[in-house]
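Below is the file data_32.cif, which contains mmCIF, C-alpha atoms.
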```
data_query
#
loop_
_atom_site.group_PDB
_atom_site.id
_atom_site.type_symbol
_atom_site.label_atom_id
_atom_site.label_comp_id
_atom_site.auth_asym_id
_atom_site.auth_seq_id
_atom_site.Cartn_x
_atom_site.Cartn_y
_atom_site.Cartn_z
ATOM 1 C CA ASN A 1 -15.403 -17.939 -13.146
ATOM 2 C CA TYR A 2 -14.679 -18.734 -9.544
ATOM 3 C CA PRO A 3 -15.316 -16.402 -6.628
ATOM 4 C CA LEU A 4 -12.444 -14.356 -5.259
ATOM 5 C CA TYR A 5 -14.483 -13.359 -2.247
ATOM 6 C CA ILE A 6 -17.794 -14.431 -0.890
ATOM 7 C CA ARG A 7 -19.447 -13.360 2.324
ATOM 8 C CA SER A 8 -22.939 -13.758 3.665
ATOM 9 C CA VAL A 9 -24.780 -12.811 6.797
ATOM 10 C CA PRO A 10 -26.372 -14.712 8.499
ATOM 11 C CA THR A 11 -24.228 -17.667 7.617
ATOM 12 C CA GLU A 12 -26.712 -20.523 7.865
ATOM 13 C CA ASN A 13 -27.795 -20.420 4.259
ATOM 14 C CA GLU A 14 -24.336 -19.952 2.871
ATOM 15 C CA LEU A 15 -24.559 -22.754 0.363
ATOM 16 C CA LYS A 16 -27.800 -21.361 -0.998
ATOM 17 C CA PHE A 17 -26.160 -17.978 -1.455
ATOM 18 C CA HIS A 18 -23.238 -19.581 -3.250
ATOM 19 C CA TYR A 19 -25.700 -21.241 -5.606
ATOM 20 C CA THR A 20 -27.704 -18.064 -6.180
ATOM 21 C CA VAL A 21 -24.546 -16.130 -6.949
ATOM 22 C CA HIS A 22 -23.297 -18.770 -9.334
ATOM 23 C CA THR A 23 -26.516 -18.933 -11.309
ATOM 24 C CA SER A 24 -26.677 -15.152 -11.465
ATOM 25 C CA LEU A 25 -23.372 -15.140 -13.332
ATOM 26 C CA ASP A 26 -25.211 -16.388 -16.391
ATOM 27 C CA VAL A 27 -27.547 -13.432 -16.204
ATOM 28 C CA VAL A 28 -24.562 -11.123 -15.861
ATOM 29 C CA ASP A 29 -22.977 -12.548 -18.992
ATOM 30 C CA GLU A 30 -26.280 -12.214 -20.846
ATOM 31 C CA LYS A 31 -26.614 -8.595 -19.856
ATOM 32 C CA ILE A 32 -23.036 -7.787 -20.836
ATOM 33 C CA SER A 33 -23.417 -9.197 -24.330
ATOM 34 C CA ALA A 34 -26.840 -7.576 -24.686
ATOM 35 C CA MET A 35 -25.430 -4.144 -23.917
ATOM 36 C CA GLY A 36 -22.734 -4.577 -26.517
ATOM 37 C CA LYS A 37 -21.399 -1.521 -28.259
ATOM 38 C CA ALA A 38 -23.666 0.957 -26.526
ATOM 39 C CA LEU A 39 -21.696 0.891 -23.338
ATOM 40 C CA VAL A 40 -18.193 0.357 -24.625
ATOM 41 C CA ASP A 41 -17.330 3.889 -23.492
ATOM 42 C CA GLN A 42 -18.451 3.503 -19.925
ATOM 43 C CA ARG A 43 -15.902 2.519 -17.402
ATOM 44 C CA GLU A 44 -18.230 0.615 -15.188
ATOM 45 C CA LEU A 45 -21.408 -1.258 -15.777
ATOM 46 C CA TYR A 46 -23.991 -1.189 -13.060
ATOM 47 C CA LEU A 47 -26.260 -3.949 -14.173
ATOM 48 C CA GLY A 48 -29.058 -3.291 -11.733
ATOM 49 C CA LEU A 49 -31.513 -5.909 -10.651
ATOM 50 C CA LEU A 50 -30.490 -9.120 -12.330
ATOM 51 C CA TYR A 51 -33.528 -11.129 -11.401
ATOM 52 C CA PRO A 52 -35.829 -11.469 -8.463
ATOM 53 C CA THR A 53 -36.225 -14.886 -6.893
ATOM 54 C CA GLU A 54 -38.775 -16.019 -4.321
ATOM 55 C CA ASP A 55 -36.878 -14.561 -1.406
ATOM 56 C CA TYR A 56 -34.098 -12.459 -2.832
ATOM 57 C CA LYS A 57 -33.176 -9.690 -5.189
ATOM 58 C CA VAL A 58 -29.881 -10.070 -6.959
ATOM 59 C CA TYR A 59 -27.901 -7.095 -8.218
ATOM 60 C CA GLY A 60 -24.899 -7.116 -10.493
ATOM 61 C CA TYR A 61 -21.980 -4.861 -11.359
ATOM 62 C CA VAL A 62 -19.097 -5.520 -13.674
ATOM 63 C CA THR A 63 -15.906 -3.610 -14.323
ATOM 64 C CA ASN A 64 -14.099 -3.100 -17.561
ATOM 65 C CA SER A 65 -11.571 -5.640 -16.409
ATOM 66 C CA LYS A 66 -14.368 -8.212 -16.337
ATOM 67 C CA VAL A 67 -14.488 -8.439 -12.565
ATOM 68 C CA LYS A 68 -18.036 -9.147 -11.467
ATOM 69 C CA PHE A 69 -19.656 -8.113 -8.229
ATOM 70 C CA VAL A 70 -22.893 -9.740 -7.206
ATOM 71 C CA MET A 71 -25.086 -8.647 -4.343
ATOM 72 C CA VAL A 72 -27.946 -10.706 -2.945
ATOM 73 C CA VAL A 73 -30.464 -8.836 -0.850
ATOM 74 C CA ASP A 74 -33.473 -10.057 1.053
ATOM 75 C CA SER A 75 -36.685 -9.280 -0.830
ATOM 76 C CA SER A 76 -38.325 -8.006 2.310
ATOM 77 C CA ASN A 77 -35.823 -5.172 2.426
ATOM 78 C CA THR A 78 -37.744 -2.598 0.456
ATOM 79 C CA ALA A 79 -35.980 0.351 2.032
ATOM 80 C CA LEU A 80 -32.848 -0.198 -0.001
ATOM 81 C CA ARG A 81 -32.842 2.258 -2.880
ATOM 82 C CA ASP A 82 -31.137 1.976 -6.198
ATOM 83 C CA ASN A 83 -28.595 4.697 -5.511
ATOM 84 C CA GLU A 84 -27.651 3.028 -2.247
ATOM 85 C CA ILE A 85 -26.946 -0.180 -4.111
ATOM 86 C CA ARG A 86 -24.907 1.763 -6.636
ATOM 87 C CA SER A 87 -22.810 3.377 -3.917
ATOM 88 C CA MET A 88 -22.238 0.004 -2.250
ATOM 89 C CA PHE A 89 -20.950 -1.382 -5.518
ATOM 90 C CA ARG A 90 -18.732 1.644 -5.881
ATOM 91 C CA LYS A 91 -17.277 1.054 -2.411
ATOM 92 C CA LEU A 92 -16.679 -2.583 -3.283
ATOM 93 C CA HIS A 93 -14.982 -1.564 -6.477
ATOM 94 C CA ASN A 94 -12.734 0.947 -4.691
ATOM 95 C CA SER A 95 -11.736 -1.565 -2.049
ATOM 96 C CA TYR A 96 -11.059 -4.081 -4.753
ATOM 97 C CA THR A 97 -8.685 -1.710 -6.557
ATOM 98 C CA ASP A 98 -6.860 -1.100 -3.273
ATOM 99 C CA ILE A 99 -6.293 -4.815 -3.023
ATOM 100 C CA MET A 100 -5.071 -4.961 -6.606
ATOM 101 C CA CYS A 101 -2.450 -2.356 -5.664
ATOM 102 C CA ASN A 102 -1.011 -4.570 -2.941
ATOM 103 C CA PRO A 103 2.276 -5.796 -4.387
ATOM 104 C CA PHE A 104 1.883 -9.105 -2.617
ATOM 105 C CA TYR A 105 -1.548 -9.809 -4.057
ATOM 106 C CA ASN A 106 -1.569 -11.907 -7.216
ATOM 107 C CA PRO A 107 -4.563 -11.318 -9.481
ATOM 108 C CA GLY A 108 -6.765 -14.387 -9.308
ATOM 109 C CA ASP A 109 -5.902 -15.176 -5.704
ATOM 110 C CA ARG A 110 -8.693 -15.436 -3.190
ATOM 111 C CA ILE A 111 -9.017 -12.220 -1.274
ATOM 112 C CA HIS A 112 -7.788 -12.292 2.332
ATOM 113 C CA SER A 113 -7.801 -8.725 3.500
ATOM 114 C CA ARG A 114 -8.869 -7.372 6.828
ATOM 115 C CA ALA A 115 -9.610 -3.978 5.344
ATOM 116 C CA PHE A 116 -11.864 -5.558 2.740
ATOM 117 C CA ASP A 117 -13.596 -7.687 5.388
ATOM 118 C CA ASN A 118 -14.192 -4.634 7.559
ATOM 119 C CA MET A 119 -15.647 -2.672 4.671
ATOM 120 C CA VAL A 120 -17.959 -5.535 3.690
ATOM 121 C CA ASN A 121 -19.001 -6.103 7.314
ATOM 122 C CA SER A 122 -19.878 -2.474 7.860
ATOM 123 C CA MET A 123 -21.862 -2.408 4.612
ATOM 124 C CA MET A 124 -23.798 -5.510 5.536
ATOM 125 C CA MET A 125 -24.535 -4.146 9.003
ATOM 126 C CA GLN A 126 -26.021 -1.038 7.481
ATOM 127 C CA VAL A 127 -28.460 -2.906 5.259
ATOM 128 C CA ASP B 1 7.679 20.434 -5.337
ATOM 129 C CA SER B 2 5.479 18.195 -3.295
ATOM 130 C CA HIS B 3 2.651 18.861 -5.714
ATOM 131 C CA LEU B 4 4.625 17.285 -8.540
ATOM 132 C CA PHE B 5 5.211 14.286 -6.348
ATOM 133 C CA TRP B 6 1.526 13.652 -5.787
ATOM 134 C CA GLN B 7 0.812 13.489 -9.483
ATOM 135 C CA SER B 8 3.006 10.463 -10.022
ATOM 136 C CA ARG B 9 2.679 9.108 -6.513
ATOM 137 C CA GLU B 10 0.667 6.033 -7.348
ATOM 138 C CA LEU B 11 3.037 4.983 -10.091
ATOM 139 C CA PHE B 12 5.962 5.460 -7.722
ATOM 140 C CA VAL B 13 4.349 3.506 -4.894
ATOM 141 C CA LEU B 14 3.285 0.705 -7.230
ATOM 142 C CA THR B 15 6.768 0.586 -8.764
ATOM 143 C CA TYR B 16 8.332 0.283 -5.336
ATOM 144 C CA GLY B 17 5.897 -2.485 -4.461
ATOM 145 C CA ALA B 18 6.707 -4.323 -7.674
ATOM 146 C CA LEU B 19 10.388 -4.027 -6.842
ATOM 147 C CA VAL B 20 9.945 -5.547 -3.401
ATOM 148 C CA ALA B 21 7.648 -8.274 -4.720
ATOM 149 C CA GLN B 22 10.192 -9.187 -7.382
ATOM 150 C CA LEU B 23 13.032 -9.322 -4.852
ATOM 151 C CA CYS B 24 10.875 -11.610 -2.752
ATOM 152 C CA LYS B 25 10.623 -13.924 -5.727
ATOM 153 C CA ASP B 26 14.376 -13.739 -6.338
ATOM 154 C CA TYR B 27 15.521 -14.314 -2.773
ATOM 155 C CA GLU B 28 14.218 -16.904 -0.365
ATOM 156 C CA LYS B 29 15.465 -15.305 2.825
ATOM 157 C CA ASP B 30 14.093 -12.045 4.177
ATOM 158 C CA GLU B 31 17.591 -10.924 5.205
ATOM 159 C CA ASP B 32 18.744 -11.191 1.598
ATOM 160 C CA VAL B 33 15.871 -9.063 0.355
ATOM 161 C CA ASN B 34 16.570 -6.525 3.095
ATOM 162 C CA THR B 35 20.257 -6.372 2.175
ATOM 163 C CA CYS B 36 19.416 -5.947 -1.483
ATOM 164 C CA LEU B 37 17.004 -3.123 -0.741
ATOM 165 C CA ASP B 38 19.613 -1.407 1.382
ATOM 166 C CA ARG B 39 22.213 -1.702 -1.351
ATOM 167 C CA MET B 40 19.847 -0.338 -3.978
ATOM 168 C CA GLY B 41 18.952 2.484 -1.664
ATOM 169 C CA TYR B 42 22.607 3.281 -1.202
ATOM 170 C CA GLY B 43 23.052 3.545 -4.956
ATOM 171 C CA ILE B 44 20.112 5.941 -5.095
ATOM 172 C CA GLY B 45 21.276 7.979 -2.112
ATOM 173 C CA VAL B 46 24.747 8.745 -3.448
ATOM 174 C CA ARG B 47 23.086 10.183 -6.545
ATOM 175 C CA LEU B 48 20.041 11.758 -4.974
ATOM 176 C CA ILE B 49 22.070 13.942 -2.640
ATOM 177 C CA ASP B 50 23.109 16.243 -5.461
ATOM 178 C CA ASP B 51 19.514 16.640 -6.586
ATOM 179 C CA PHE B 52 18.549 17.371 -2.998
ATOM 180 C CA LEU B 53 21.287 19.937 -2.415
ATOM 181 C CA ALA B 54 20.529 21.664 -5.697
ATOM 182 C CA ARG B 55 16.792 21.855 -5.090
ATOM 183 C CA SER B 56 16.849 22.708 -1.423
ATOM 184 C CA ALA B 57 19.715 25.212 -1.504
ATOM 185 C CA VAL B 58 20.276 24.654 2.181
ATOM 186 C CA LYS B 59 23.253 25.831 4.121
ATOM 187 C CA LYS B 60 25.785 23.370 5.417
ATOM 188 C CA CYS B 61 24.605 21.652 8.598
ATOM 189 C CA ARG B 62 26.750 22.449 11.585
ATOM 190 C CA SER B 63 25.675 19.617 13.812
ATOM 191 C CA TYR B 64 24.312 16.098 13.717
ATOM 192 C CA SER B 65 21.100 17.451 15.089
ATOM 193 C CA GLU B 66 20.719 19.936 12.260
ATOM 194 C CA THR B 67 21.459 17.151 9.792
ATOM 195 C CA ALA B 68 18.793 14.908 11.270
ATOM 196 C CA ASP B 69 16.278 17.749 11.156
ATOM 197 C CA MET B 70 17.224 18.420 7.554
ATOM 198 C CA ILE B 71 16.617 14.803 6.611
ATOM 199 C CA ALA B 72 13.232 14.667 8.294
ATOM 200 C CA GLN B 73 11.864 18.093 7.541
ATOM 201 C CA VAL B 74 13.287 18.867 4.143
ATOM 202 C CA ALA B 75 14.346 15.660 2.408
ATOM 203 C CA PHE B 76 11.477 13.431 3.468
ATOM 204 C CA LYS B 77 9.038 16.214 2.701
ATOM 205 C CA MET B 78 10.543 16.765 -0.714
ATOM 206 C CA TYR B 79 10.670 13.163 -1.837
ATOM 207 C CA LEU B 80 7.905 11.423 0.049
ATOM 208 C CA GLY B 81 5.624 14.244 1.051
ATOM 209 C CA VAL B 82 5.796 13.357 4.734
ATOM 210 C CA THR B 83 7.622 14.827 7.727
ATOM 211 C CA PRO B 84 8.750 12.326 10.336
ATOM 212 C CA SER B 85 9.316 13.628 13.833
ATOM 213 C CA VAL B 86 12.914 13.705 15.035
ATOM 214 C CA SER B 87 14.295 13.044 18.459
ATOM 215 C CA CYS B 88 17.809 12.607 19.760
ATOM 216 C CA SER B 89 18.252 9.255 21.396
ATOM 217 C CA SER B 90 21.705 9.458 22.911
ATOM 218 C CA ALA B 91 23.471 11.747 25.338
ATOM 219 C CA ALA B 92 26.457 11.830 23.011
ATOM 220 C CA GLY B 93 24.249 13.594 20.464
ATOM 221 C CA ASN B 94 25.010 11.253 17.614
ATOM 222 C CA GLN B 95 21.956 9.007 17.595
ATOM 223 C CA PHE B 96 18.613 10.085 16.264
ATOM 224 C CA SER B 97 15.241 8.556 15.828
ATOM 225 C CA LEU B 98 12.788 9.434 13.052
ATOM 226 C CA ILE B 99 9.231 8.385 13.659
ATOM 227 C CA LEU B 100 7.123 8.036 10.529
ATOM 228 C CA ASP B 101 3.483 8.678 11.149
ATOM 229 C CA LYS B 102 2.567 8.188 7.520
ATOM 230 C CA ASN B 103 4.546 6.387 4.884
ATOM 231 C CA PRO B 104 3.276 6.482 1.301
ATOM 232 C CA LEU B 105 5.445 3.529 0.295
ATOM 233 C CA VAL B 106 3.265 1.176 2.327
ATOM 234 C CA ASP B 107 -0.089 2.681 1.400
ATOM 235 C CA PHE B 108 -1.341 -0.398 -0.396
ATOM 236 C CA VAL B 109 0.429 -3.001 1.705
ATOM 237 C CA GLU B 110 -2.007 -4.050 4.367
ATOM 238 C CA GLU B 111 0.352 -6.451 6.048
ATOM 239 C CA LEU B 112 3.364 -8.556 5.209
ATOM 240 C CA PRO B 113 2.678 -12.040 3.857
ATOM 241 C CA ALA B 114 2.988 -14.658 6.595
ATOM 242 C CA GLU B 115 6.109 -16.159 5.050
ATOM 243 C CA ARG B 116 7.803 -12.751 4.962
ATOM 244 C CA ALA B 117 7.580 -11.804 8.611
ATOM 245 C CA SER B 118 11.094 -10.343 8.863
ATOM 246 C CA LEU B 119 10.933 -8.398 5.662
ATOM 247 C CA CYS B 120 11.971 -4.798 6.083
ATOM 248 C CA TYR B 121 9.696 -3.479 3.367
ATOM 249 C CA CYS B 122 11.091 0.064 3.281
ATOM 250 C CA ASN B 123 14.728 -0.816 3.769
ATOM 251 C CA LEU B 124 15.520 1.071 0.597
ATOM 252 C CA LEU B 125 15.064 4.262 2.598
ATOM 253 C CA CYS B 126 17.856 3.312 5.008
ATOM 254 C CA GLY B 127 20.256 2.824 2.127
ATOM 255 C CA VAL B 128 19.218 6.136 0.573
ATOM 256 C CA ILE B 129 19.899 8.050 3.775
ATOM 257 C CA ARG B 130 23.200 6.255 4.344
ATOM 258 C CA GLY B 131 24.395 6.886 0.784
ATOM 259 C CA ALA B 132 23.361 10.505 0.779
ATOM 260 C CA LEU B 133 25.108 11.189 4.089
ATOM 261 C CA GLU B 134 28.265 9.506 2.892
ATOM 262 C CA MET B 135 28.466 11.906 -0.036
ATOM 263 C CA VAL B 136 28.536 14.816 2.378
ATOM 264 C CA HIS B 137 31.238 13.066 4.366
ATOM 265 C CA LEU B 138 29.092 11.817 7.176
ATOM 266 C CA ALA B 139 29.328 8.133 7.987
ATOM 267 C CA ALA B 140 26.195 6.739 9.539
ATOM 268 C CA GLU B 141 24.374 3.556 10.333
ATOM 269 C CA VAL B 142 20.711 3.670 9.379
ATOM 270 C CA THR B 143 18.212 0.962 10.253
ATOM 271 C CA PHE B 144 14.570 0.450 11.001
ATOM 272 C CA LEU B 145 14.318 0.142 14.774
ATOM 273 C CA GLN B 146 10.590 -0.443 14.646
ATOM 274 C CA ASP B 147 8.228 -1.210 11.793
ATOM 275 C CA LYS B 148 4.431 -1.085 11.885
ATOM 276 C CA LEU B 149 4.305 -3.624 9.081
ATOM 277 C CA ARG B 150 6.131 -6.071 11.309
ATOM 278 C CA GLY B 151 3.758 -5.538 14.185
ATOM 279 C CA ASP B 152 5.491 -2.765 16.090
ATOM 280 C CA ALA B 153 3.592 0.186 17.448
ATOM 281 C CA VAL B 154 5.337 2.749 15.282
ATOM 282 C CA THR B 155 7.690 2.940 12.351
ATOM 283 C CA GLU B 156 11.032 4.268 13.528
ATOM 284 C CA ILE B 157 14.250 4.825 11.621
ATOM 285 C CA GLY B 158 17.426 5.061 13.688
ATOM 286 C CA ILE B 159 20.361 7.123 12.424
ATOM 287 C CA THR B 160 23.678 6.767 14.231
ATOM 288 C CA PHE B 161 26.386 9.123 13.120
ATOM 289 C CA LEU B 162 29.792 7.466 13.317
ATOM 290 C CA ARG B 163 33.087 9.087 14.030
ATOM 291 C CA LYS B 164 34.666 10.252 10.820
ATOM 292 C CA ALA B 165 38.062 8.799 9.941
ATOM 293 C CA GLU B 166 39.512 12.341 9.765
ATOM 294 C CA ASP B 167 38.589 12.968 13.386
ATOM 295 C CA ARG B 168 40.690 10.085 14.529
ATOM 296 C CA LYS B 169 43.668 11.306 12.539
ATOM 297 C CA HIS B 170 43.202 14.734 14.038
ATOM 298 C CA LYS B 171 43.359 13.409 17.555
ATOM 299 C CA ARG B 172 46.665 11.700 16.947
ATOM 300 C CA ASN B 173 48.214 15.064 16.217
#
```
Before anything else, please render the file you have as structure tokens.
Amino acid sequence: NYPLYIRSVPTENELKFHYTVHTSLDVVDEKISAMGKALVDQRELYLGLLYPTEDYKVYGYVTNSKVKFVMVVDSSNTALRDNEIRSMFRKLHNSYTDIMCNPFYNPGDRIHSRAFDNMVNSMMMQV
Amino acid sequence: DSHLFWQSRELFVLTYGALVAQLCKDYEKDEDVNTCLDRMGYGIGVRLIDDFLARSAVKKCRSYSETADMIAQVAFKMYLGVTPSVSCSSAAGNQFSLILDKNPLVDFVEELPAERASLCYCNLLCGVIRGALEMVHLAAEVTFLQDKLRGDAVTEIGITFLRKAEDRKHKRN
């Protein structure tokens, strides 16, 4: 359960973000086991708001291949709607599958991809 | 024809990628991987030509220029779904350059790994063209003159038609 890719903006509180993300993994696992059989048919699991903290809202998304995406958003950002979050996760998922298709990428490696960086950057700029 | 290609395109592109990745594990030097790809391509080309001739039902090419056009506009289109542009690069009329704007084989390869800087990722294509031409009695040298994956501005395949052995015999008479 180590991160393949982690990016935050602004970068001062990076360690705090790392911590937030790591603790949210437990919530993700809880949610997955809670959903159980009901969602065995669905290809993707948008987990929605995992938990709100003092300053942040944390959203989760997990694929059938057990790859977890976690998004931490400033609580003050109330403009961000649920469907926007969903589409961001979808973009992340699509970019991730592109990386998986790179013959030189070994599953489990950290992700070093300019295309992925650009996509993440542009998403974070929009928020 | 090209519609059928698109249905299995991802599997094909991923298979090619797996092939190159495996060769990279088998051979330490880039040149060895490149040579292997070329040889494999050659084996494919000598067989593919019959499929191509049967499916395209084209007339015999009367010049090197027609042959180069055929490769770019019919063969590439049929097998890869793309049409490189062709230009003649020698006054003698035996050297041609194919510029590939799009290349499905490299769709998922963002860039070459740092330790594989001289890898000619698509070298299989050179072997295919060379093998196919040989089966229609045209000897040619085919190489990648430029490669976007290696940092060049464009991806360019150079085809140089060589004098056939029969021509030389003819001249002696």
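On the file presented, the PyMOL selection byres ((chain A) within 12 of (chain B)) picks out Ser95, Tyr96, Thr97, Asp98, Ile99, Met100, Cys101, Asn102, Pro103, Phe104, Tyr105, Asn106, His112, Ser113, Arg114, Ala115 and Phe116 of chain A.
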| request: Carefully work through the PyMOL selection byres ((chain A and resi 49-64) around 9) for this structure and note down the residues it includes, as JSON, numbers by chain. | output: {"A": [20, 21, 24, 25, 27, 28, 31, 32, 40, 42, 43, 44, 45, 46, 47, 48, 65, 66, 67, 68, 69, 70, 71, 72, 73, 74, 75, 76, 85, 86, 89, 93]}
Give me a file of those residues, with C-alpha atoms, as a compact mmCIF listing (two decimals), keeping the file's coordinate frame.
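Result file is part15.txt:
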```
# COMPACT_ATOMS: atom_id res chain seq x y z
CA THR A 20 -27.70 -18.06 -6.18
CA VAL A 21 -24.55 -16.13 -6.95
CA SER A 24 -26.68 -15.15 -11.46
CA LEU A 25 -23.37 -15.14 -13.33
CA VAL A 27 -27.55 -13.43 -16.20
CA VAL A 28 -24.56 -11.12 -15.86
CA LYS A 31 -26.61 -8.60 -19.86
CA ILE A 32 -23.04 -7.79 -20.84
CA VAL A 40 -18.19 0.36 -24.62
CA GLN A 42 -18.45 3.50 -19.92
CA ARG A 43 -15.90 2.52 -17.40
CA GLU A 44 -18.23 0.62 -15.19
CA LEU A 45 -21.41 -1.26 -15.78
CA TYR A 46 -23.99 -1.19 -13.06
CA LEU A 47 -26.26 -3.95 -14.17
CA GLY A 48 -29.06 -3.29 -11.73
CA SER A 65 -11.57 -5.64 -16.41
CA LYS A 66 -14.37 -8.21 -16.34
CA VAL A 67 -14.49 -8.44 -12.56
CA LYS A 68 -18.04 -9.15 -11.47
CA PHE A 69 -19.66 -8.11 -8.23
CA VAL A 70 -22.89 -9.74 -7.21
CA MET A 71 -25.09 -8.65 -4.34
CA VAL A 72 -27.95 -10.71 -2.94
CA VAL A 73 -30.46 -8.84 -0.85
CA ASP A 74 -33.47 -10.06 1.05
CA SER A 75 -36.68 -9.28 -0.83
CA SER A 76 -38.33 -8.01 2.31
CA ILE A 85 -26.95 -0.18 -4.11
CA ARG A 86 -24.91 1.76 -6.64
CA PHE A 89 -20.95 -1.38 -5.52
CA HIS A 93 -14.98 -1.56 -6.48
```
Resolved residues for the PyMOL selection byres ((chain B and resi 65) around 8) as an mmCIF file with C-alpha atoms, in the coordinates of the input:
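New file selection_10.cif:
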```
data_model
loop_
_atom_site.group_PDB
_atom_site.id
_atom_site.type_symbol
_atom_site.label_atom_id
_atom_site.label_comp_id
_atom_site.auth_asym_id
_atom_site.auth_seq_id
_atom_site.Cartn_x
_atom_site.Cartn_y
_atom_site.Cartn_z
ATOM 1 C CA SER B 63 25.675 19.617 13.812
ATOM 2 C CA TYR B 64 24.312 16.098 13.717
ATOM 3 C CA GLU B 66 20.719 19.936 12.260
ATOM 4 C CA THR B 67 21.459 17.151 9.792
ATOM 5 C CA ALA B 68 18.793 14.908 11.270
ATOM 6 C CA ASP B 69 16.278 17.749 11.156
ATOM 7 C CA CYS B 88 17.809 12.607 19.760
ATOM 8 C CA GLY B 93 24.249 13.594 20.464
ATOM 9 C CA ASN B 94 25.010 11.253 17.614
ATOM 10 C CA PHE B 96 18.613 10.085 16.264
#
```
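Reported to one decimal place, the separation of CA of Phe144 in chain B from CA of Gly131 in chain B is 15.6 Å.
Using all atoms listed in the file, the smallest distance between any of A:Asn13, A:Asn121, A:Asn1, A:Gln126 and Asp26 in chain A comes from A:Asn1.
Atom pair CA of Leu98 in chain B / CA of Cys120 in chain B: separated by 15.9 Å.
CA of Asp117 in chain A to CA of Asp101 in chain B spans 24.3 Å [interatomic distance, one decimal].
Residues with any atom within 9 Å of Ala140 in chain B, counting only C-alpha atoms and excluding same-chain neighbours fewer than 2 positions away, are B:Ile129, B:Arg130, B:Gly131, B:Leu133, B:Glu134, B:Leu138, B:Val142, B:Ile159, B:Thr160, B:Phe161, B:Leu162, B:Arg163.
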| Residues within 10 Å of (20.2, 12.7, 0.0), counting all atoms listed in the file, listed as number ranges by chain | B: 42, 44-53, 70-71, 75-76, 79, 128-136
| field | Surrounding residues of Pro84 in chain B excluding itself and chain neighbours under 6 positions, 6 Å, only C-alpha atoms, as number ranges by chain | value | B: 72, 98-100
Could you please take those selected residues and save C-alpha atoms as a short mmCIF file (atom, residue, chain, number, x, y, z; two decimals), in the frame of the given file?
```cif
data_model
loop_
_atom_site.label_atom_id
_atom_site.label_comp_id
_atom_site.auth_asym_id
_atom_site.auth_seq_id
_atom_site.Cartn_x
_atom_site.Cartn_y
_atom_site.Cartn_z
CA ALA B 72 13.23 14.67 8.29
CA LEU B 98 12.79 9.43 13.05
CA ILE B 99 9.23 8.38 13.66
CA LEU B 100 7.12 8.04 10.53
#
```
